[in-house]
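A.B. asks: Below you will find the structure I want to go over with you.
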Amino acid sequence: MSASPATAPSAASGHTARTSVSYVAVVGLLVALAVAAGLACWWFVSEQGHTHGTELSAAALGQYVLMWSLMMAAMMLPTVHRTTVLYVTALRRQSASRMWIGRLAVLLVGYLLVWSVIGIPVYVLGVFAQRLASTGSLPVVGLTAVLLAASGLFQFSALKERCLHHCQSPLAFVSQYMMRTGWDRDLRAGLAHGLTCLGCCAAMVVVLIAVGTMSLPAMVVLGAIAMIEKTWVHGPRFSRVMGIGMILYAAVILVHPAWAPMPFVVPDHSPVIVQSGDHHH
């Protein structure tokens, strides 16, 4: 039996209202979590402090991964609102109960777990760079240039294009996981989305390593770049422009090492000195 004219608009308006509530609730939650993580990260860096040593330590690694996880949550959570809203909307279509809140939490846990694990190789690379810094400043400048150039080239890769398309158009991804069953469906969806998002933002992560993972301004700028790439209709073109900028900056610091970012310090905690003619940094 078909719905009466009075019933159909009512059902449609009800569906629109549920979708609107989902959007506001999910985006508000993501922003709140990102702000809380950003403030916690700021406190962690300003009050506790953290510097890379030249020796690998389980305690230092744990402290660093905690700081890194907070930073990545602050940077990346706002950029996944499109996928998250679609996922919650699909969950609410399957069930009108408030279980979607718990399932969303599991999705975000899986997503953030990927970024937390990435903090381990980032820490190891930082220890290596710290050891390199103790031998002189020019090797660190060379490493920074390599990281920046590699990031720029990655922006033109097929992997970047594929992952960015996933982040810009997540409907197929959400539909795929809505058809799956099992207690770990949402966790697996979060892990899969985290890996794809990592592929999309890999260049941003490497640039953050090059300019300093303790730099909160760099976190804000790179988070904004990731947001523009994922949400702007010209995001793919914008990502290539950023790639060109990274490559050009890598070339510039090879010619003028004094213009290179120097996030690492030598073991006595004094700044690394970069010499290029009569210039010092």
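Ordering of the structure tokens sets the chain letters (A, B, ...), residue numbers begin anew at 1 in every chain, and ligands are numbered from 1 in the order given.
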Tell me which protein, DNA and RNA residues are within 7 Å of Lys160 (chain A), counting only C-alpha atoms, leaving out same-chain ones fewer than 5 positions away, and put them as a VMD selection string.
C.D. replies: chain A and resid 154 to 155 199 to 200
A.B. asks: Could you give me, as CSV, every region 69-184 of chain A residue with an atom at most 8 Å from region 207-216 of chain A, plus its closest atom pair and distance in Å to one decimal, counting only C-alpha atoms, rows ordered by chain then number?
C.D. replies:
residue,atom,partner,partner_atom,distance
A:Val122,CA,A:Ile209,CA,7.3
A:Gly126,CA,A:Ile209,CA,7.7
A:Thr144,CA,A:Ala210,CA,5.3
A:Leu147,CA,A:Ala210,CA,6.5
A:Leu148,CA,A:Val207,CA,6.1
A:Ser151,CA,A:Val207,CA,6.9
A.B. asks: Residues as selected, N, CA, C and O atoms, written as an mmCIF file, in the first residue's frame, can you do that?
C.D. replies:
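Result went into part_10.cif, see below:
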data_model
loop_
_atom_site.group_PDB
_atom_site.id
_atom_site.type_symbol
_atom_site.label_atom_id
_atom_site.label_comp_id
_atom_site.auth_asym_id
_atom_site.auth_seq_id
_atom_site.Cartn_x
_atom_site.Cartn_y
_atom_site.Cartn_z
ATOM 1 N N VAL A 122 58.292 6.827 13.387
ATOM 2 C CA VAL A 122 58.633 8.252 13.414
ATOM 3 C C VAL A 122 59.632 8.521 14.533
ATOM 4 O O VAL A 122 60.603 9.271 14.355
ATOM 5 N N GLY A 126 63.490 9.780 14.262
ATOM 6 C CA GLY A 126 63.965 10.935 15.010
ATOM 7 C C GLY A 126 65.248 10.650 15.764
ATOM 8 O O GLY A 126 66.141 11.502 15.830
ATOM 9 N N THR A 144 66.808 16.369 5.573
ATOM 10 C CA THR A 144 65.584 17.173 5.476
ATOM 11 C C THR A 144 65.195 17.387 4.017
ATOM 12 O O THR A 144 64.019 17.283 3.651
ATOM 13 N N LEU A 147 63.692 14.206 2.615
ATOM 14 C CA LEU A 147 62.330 13.998 3.101
ATOM 15 C C LEU A 147 61.340 14.906 2.385
ATOM 16 O O LEU A 147 60.256 14.471 1.977
ATOM 17 N N LEU A 148 61.708 16.167 2.216
ATOM 18 C CA LEU A 148 60.814 17.114 1.551
ATOM 19 C C LEU A 148 60.618 16.752 0.086
ATOM 20 O O LEU A 148 59.496 16.800 -0.436
ATOM 21 N N SER A 151 58.426 13.722 -0.223
ATOM 22 C CA SER A 151 57.036 14.090 0.038
ATOM 23 C C SER A 151 56.411 14.757 -1.175
ATOM 24 O O SER A 151 55.260 14.481 -1.538
#
A.B. asks: So which one's closest to Cys197 (chain A), A:Leu91, A:Val106, A:Ala250, A:Met75? Using only C-alpha atoms, please.
C.D. replies: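 Between A:Leu91, A:Val106, A:Ala250, A:Met75, the residue approaching Cys197 (chain A) most closely is A:Met75.
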A.B. asks: Output as a PyMOL selection string all residues of region 27-238 of chain A that backbone DSSP marks as alpha helix (DSSP H).
C.D. replies: chain A and resi 27-43+58-76+81-94+99-133+137-154+158-168+171-178+185-200+202-211+216-231+235-238
A.B. asks: Name the residues in contact with Asp186 (chain A) at a cut-off of 10 Å, using only C-alpha atoms, excluding same-chain residues fewer than 4 positions from it; report them as an NGL selection string.
C.D. replies: :A and (87 or 102-111 or 177-178 or 180-182 or 190-192)
A.B. asks: One decimal, Å: what's the distance from CA of Leu56 (chain A) over to CA of Leu125 (chain A), could you say?
C.D. replies: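 CA of Leu125 (chain A) lies at a distance of 10.5 Å from CA of Leu56 (chain A).
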A.B. asks: So the first atom is CA of Gly243 (chain A) and the second is CA of Met262 (chain A); what is the distance between them in Å, to one decimal place?
C.D. replies: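 Result for CA of Gly243 (chain A) versus CA of Met262 (chain A): 20.7 Å, one decimal.
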A.B. asks: What's the separation between CA of Ala37 (chain A) and CA of Val124 (chain A), in Å to one decimal place?
C.D. replies: 23.1 Å
A.B. asks: Between A:Ala60, A:Gly28, A:Thr83, A:Ala150, which is the closest to Gly194 (chain A) once you count only C-alpha atoms?
C.D. replies: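 Between A:Ala60, A:Gly28, A:Thr83, A:Ala150, the residue approaching Gly194 (chain A) most closely is A:Thr83.
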A.B. asks: Considering only C-alpha atoms, state which residue in the set A:Cys167, A:Ile118, A:Leu30, A:Leu143 is at the smallest distance from Arg82 (chain A).
C.D. replies: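 Using only C-alpha atoms, Arg82 (chain A) sits closest to A:Cys167.
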A.B. asks: Quick one: residues within 12 Å of Ala58 (chain A), only C-alpha atoms, excluding same-chain residues fewer than 6 positions away - as a ChimeraX atom specification?
C.D. replies: /A:64-65,120,123-124
